[in-house]
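Right, one structure below, let's go through it.
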Amino acid sequence: MGERTTPGPVCGCGEQAREAVCVHTSKVYDACRSKECISDLRVYLTRQSQELLDRSNSVKPRRAELLWVKLDVAPVDFNRGFFSVDARFFYRVFAEVNAGCGRMTDICGLAVFDKRAILFGCEGNVRTFTSKSRTDGMTARTIEQSNMPRAVVETLDPIILSAKIVEPHCRCECHCCDDDIPEYLGCMFDEELILSGDVKKLFVTLGQFSIIRLERDVQILVPAFDACMPTKECRCGTCEPEDPCRLFDQIEFPEEEFRPICREPKKKEDGCRHGDPPKQDCRKCGSR
């Protein structure tokens with residue numbers, strides 16, 4: 001398309017692009033990835049779970065779910081174009097405690113982890129507003145951040161590695177959070193959470209994989225080949241259902257599911273290849 005910078009039909013391209021189209025999209029300015037082992041993370045249990053923990057002396061980890069990540073972006077002083085991304089991870093943690101007579105009972109609670117990364121987000125003087133912007137809940141800080149880059153976190157559910165019980169009188173260094181829990185997260189639990197008191201404490205160690213990036217909206221010119229039309233036909237909802245055995249006969253036998261998975265460990269490679277995920281380590285950017 002040469003040095004073209006305006007949208008419109010493209011002539012003399014044969015079977016290639018028909019026109020140049022201006023699209024609105026997000027451009028990634030910087031990103032980092034993190035493989036983090038979060039040790040001694042306090043779990044705030046529900047009331048019933050806390051009562052079970054107080055009567056138990058052993059605990060087994062089960063699983064953990066990532067409920068939400070709250071993000072805050074702020075410019076870095078004396079370093080123009082760079083921004084700090086403060087991410088607060090909220091986890092729902094499940095464990096098992098001995099309820100007596102060798103019977104294990106499930107307990108559940110909330111864990112909170114804070115992380116910071118420093119990323120390049122480019123200087124932006126343009127403020128962005130849309131017709132979908134809501135005025136309810138608007139604050140002065142929200143208005144001030146209308147020219148900030150947008151922070152995005154991609155993450156998997158954590159791997160729970162271990163769990164332990166700490167007696168009420170013990171004091172240890174840990175990732176603790178005594179702040180008020182957001183109401184929308186408190187509703188994810190059947191009972192209220194015990195955030196304070198002279199009680200036994202549950203601590204877990206989690207393994208977390210995540211990618212943090214900074215984006216800004218941009219307009220770019222791309223080639224368009226043709227209108228996108230679906231080829232799959234919508235099935236009639238009022239038609240008689242097909243024979244389930246006939247549908248089952250059309251499914252191929254899952255041979256791969258019956259084969260043992262044995263993969264060679266990947267060799268470490270130096271350098272970057274085009275298309276590889278970001279290799280910058282978040283921990284080098286001021287994570288905590």
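Residue numbering restarts at 1 in every chain; chains get A, B, ... in the order shown in the structure tokens, and ligands count up from 1 in that same order.
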With only C-alpha atoms as the counted atoms, please give the residues lying no more than 8 Å from Val97 in chain A, apart from itself and same-chain residues fewer than 3 positions off, as a list of chain:residue names.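 The contact residues come out as A:Leu52, A:Leu53, A:Ser56, A:Asn57, A:Ser58, A:Val59, A:Lys60, A:Met104, A:Thr105, A:Asp106, A:Ile107.
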Got time to write the residues from that selection, C-alpha atoms, as a PDB file, in the first residue's frame?
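And here's part-v6.pdb as it stands now:
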```pdb
ATOM      1  CA  LEU A  52     -13.474 -24.774  62.586  1.00  0.00           C
ATOM      2  CA  LEU A  53      -9.873 -23.556  62.332  1.00  0.00           C
ATOM      3  CA  SER A  56      -8.154 -27.732  64.624  1.00  0.00           C
ATOM      4  CA  ASN A  57      -4.382 -28.260  64.705  1.00  0.00           C
ATOM      5  CA  SER A  58      -3.817 -29.412  61.101  1.00  0.00           C
ATOM      6  CA  VAL A  59      -4.720 -28.071  57.693  1.00  0.00           C
ATOM      7  CA  LYS A  60      -4.382 -29.237  54.090  1.00  0.00           C
ATOM      8  CA  MET A 104     -11.780 -33.421  57.160  1.00  0.00           C
ATOM      9  CA  THR A 105     -13.978 -30.357  56.677  1.00  0.00           C
ATOM     10  CA  ASP A 106     -13.701 -27.614  54.070  1.00  0.00           C
ATOM     11  CA  ILE A 107     -12.972 -24.027  55.025  1.00  0.00           C
TER      12      ILE A 107
END
```
Residue neighbourhood Phe225 in chain A, 8 Å, only C-alpha atoms, exclusion window fewer than 6 positions, as a list in words: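 Near neighbours after the sequence-gap exclusion: Gln16, Ala17, Arg18 and Glu19 of chain A.
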Using the selection just defined, write its residues with C-alpha atoms as a PDB file, in the first residue's frame.
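Result written to part32.pdb:
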```pdb
ATOM      1  CA  GLN A  16      -5.363  -8.482  -2.531  1.00  0.00           C
ATOM      2  CA  ALA A  17      -6.878  -5.802  -0.285  1.00  0.00           C
ATOM      3  CA  ARG A  18      -9.861  -3.880  -1.652  1.00  0.00           C
ATOM      4  CA  GLU A  19      -9.535  -0.783   0.483  1.00  0.00           C
TER       5      GLU A  19
END
```
Just to confirm, what's the straight-line distance from CA of Ala224 in chain A to CA of Tyr29 in chain A in Å (one decimal)? 24.9 Å
Env of His24 in chain A: 9 Å cut, atoms = only C-alpha atoms, seq-sep filter 2 positions within chain, self excluded. Answer as number ranges by chain. A: 22, 26, 217-220
DSSP on the backbone: what in range 151-212 of chain A comes out strand (DSSP E), as a tab-separated table (two decimals) with C-alpha atoms, in the first residue's frame?
```
chain	number	residue	atom	x	y	z
A	151	ALA	CA	-3.32	-1.10	32.59
A	152	VAL	CA	-4.25	-4.69	31.73
A	153	VAL	CA	-3.46	-7.83	33.73
A	154	GLU	CA	-3.67	-11.31	32.26
A	155	THR	CA	-3.36	-14.06	34.81
A	159	ILE	CA	-1.44	-22.78	42.36
A	160	ILE	CA	-1.77	-23.33	46.10
A	161	LEU	CA	1.53	-24.80	47.31
A	162	SER	CA	1.18	-25.06	51.07
A	163	ALA	CA	-0.91	-24.02	54.07
A	164	LYS	CA	-0.22	-23.65	57.78
A	165	ILE	CA	-1.90	-22.58	61.00
A	166	VAL	CA	-0.40	-19.83	63.15
A	201	LYS	CA	-4.62	-17.56	61.49
A	202	LEU	CA	-4.38	-19.43	58.20
A	203	PHE	CA	-1.40	-18.72	55.95
A	204	VAL	CA	-0.88	-20.12	52.46
A	205	THR	CA	1.79	-20.05	49.79
A	206	LEU	CA	0.59	-19.42	46.23
A	207	GLY	CA	2.28	-19.67	42.85
A	208	GLN	CA	1.08	-16.95	40.49
A	209	PHE	CA	1.70	-16.40	36.75
A	210	SER	CA	0.70	-13.04	35.31
A	211	ILE	CA	1.37	-10.52	32.54
A	212	ILE	CA	0.98	-6.79	33.10
```
Closest to Asp114 in chain A among A:Asp86, A:Glu96, A:Asp157, A:Asp77, using only C-alpha atoms? A:Asp86
Skip Leu67 in chain A itself and residues of its chain fewer than 3 positions away, then list as a PyMOL selection string all residues within 9 Å of it, counting only C-alpha atoms. chain A and resi 89-92+157+185+188
Can those selected residues be exported to a file as a JSON list (two decimals), in the first residue's frame so that it contains all heavy atoms?
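Written output follows (part.json):
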```
[["chain", "number", "residue", "atom", "x", "y", "z"],
["A", 89, "PHE", "N", -4.47, -8.19, 44.07],
["A", 89, "PHE", "CA", -5.08, -9.46, 43.71],
["A", 89, "PHE", "C", -5.95, -9.95, 44.87],
["A", 89, "PHE", "O", -5.50, -9.99, 46.02],
["A", 89, "PHE", "CB", -4.00, -10.51, 43.41],
["A", 89, "PHE", "CG", -3.17, -10.21, 42.19],
["A", 89, "PHE", "CD1", -2.18, -9.23, 42.23],
["A", 89, "PHE", "CD2", -3.35, -10.92, 41.02],
["A", 89, "PHE", "CE1", -1.40, -8.96, 41.12],
["A", 89, "PHE", "CE2", -2.58, -10.66, 39.91],
["A", 89, "PHE", "CZ", -1.60, -9.68, 39.95],
["A", 90, "PHE", "N", -7.17, -10.33, 44.56],
["A", 90, "PHE", "CA", -8.09, -10.88, 45.55],
["A", 90, "PHE", "C", -8.32, -12.36, 45.24],
["A", 90, "PHE", "O", -8.78, -12.70, 44.14],
["A", 90, "PHE", "CB", -9.42, -10.14, 45.55],
["A", 90, "PHE", "CG", -9.32, -8.69, 45.96],
["A", 90, "PHE", "CD1", -9.12, -7.70, 45.01],
["A", 90, "PHE", "CD2", -9.41, -8.32, 47.29],
["A", 90, "PHE", "CE1", -9.02, -6.37, 45.37],
["A", 90, "PHE", "CE2", -9.31, -6.99, 47.68],
["A", 90, "PHE", "CZ", -9.11, -6.01, 46.71],
["A", 91, "TYR", "N", -8.01, -13.24, 46.19],
["A", 91, "TYR", "CA", -8.13, -14.68, 46.00],
["A", 91, "TYR", "C", -9.18, -15.26, 46.93],
["A", 91, "TYR", "O", -9.33, -14.82, 48.08],
["A", 91, "TYR", "CB", -6.80, -15.39, 46.30],
["A", 91, "TYR", "CG", -5.62, -14.91, 45.49],
["A", 91, "TYR", "CD1", -4.68, -14.05, 46.06],
["A", 91, "TYR", "CD2", -5.43, -15.33, 44.18],
["A", 91, "TYR", "CE1", -3.59, -13.62, 45.33],
["A", 91, "TYR", "CE2", -4.34, -14.90, 43.46],
["A", 91, "TYR", "CZ", -3.42, -14.04, 44.03],
["A", 91, "TYR", "OH", -2.34, -13.62, 43.31],
["A", 92, "ARG", "N", -9.88, -16.27, 46.43],
["A", 92, "ARG", "CA", -10.72, -17.10, 47.29],
["A", 92, "ARG", "C", -9.98, -18.42, 47.49],
["A", 92, "ARG", "O", -9.71, -19.14, 46.51],
["A", 92, "ARG", "CB", -12.10, -17.34, 46.67],
["A", 92, "ARG", "CG", -12.99, -18.22, 47.52],
["A", 92, "ARG", "CD", -14.45, -18.08, 47.15],
["A", 92, "ARG", "NE", -14.68, -18.27, 45.73],
["A", 92, "ARG", "CZ", -15.85, -18.05, 45.12],
["A", 92, "ARG", "NH1", -16.87, -17.61, 45.84],
["A", 92, "ARG", "NH2", -15.99, -18.25, 43.83],
["A", 157, "ASP", "N", -5.47, -18.72, 37.37],
["A", 157, "ASP", "CA", -5.74, -19.03, 38.77],
["A", 157, "ASP", "C", -4.46, -19.52, 39.43],
["A", 157, "ASP", "O", -3.70, -20.28, 38.83],
["A", 157, "ASP", "CB", -6.82, -20.11, 38.88],
["A", 157, "ASP", "CG", -8.22, -19.54, 38.72],
["A", 157, "ASP", "OD1", -8.39, -18.33, 38.94],
["A", 157, "ASP", "OD2", -9.13, -20.30, 38.38],
["A", 185, "LEU", "N", -16.89, -7.89, 46.67],
["A", 185, "LEU", "CA", -16.15, -9.12, 46.89],
["A", 185, "LEU", "C", -16.65, -9.84, 48.13],
["A", 185, "LEU", "O", -16.63, -11.08, 48.19],
["A", 185, "LEU", "CB", -14.65, -8.83, 47.01],
["A", 185, "LEU", "CG", -13.95, -8.42, 45.73],
["A", 185, "LEU", "CD1", -12.50, -8.07, 46.00],
["A", 185, "LEU", "CD2", -14.04, -9.53, 44.69],
["A", 188, "MET", "N", -19.22, -12.48, 47.59],
["A", 188, "MET", "CA", -18.83, -13.75, 46.99],
["A", 188, "MET", "C", -18.79, -14.87, 48.03],
["A", 188, "MET", "O", -18.57, -16.02, 47.68],
["A", 188, "MET", "CB", -17.46, -13.60, 46.33],
["A", 188, "MET", "CG", -17.39, -12.56, 45.23],
["A", 188, "MET", "SD", -18.38, -13.01, 43.79],
["A", 188, "MET", "CE", -17.48, -14.42, 43.18]]
```
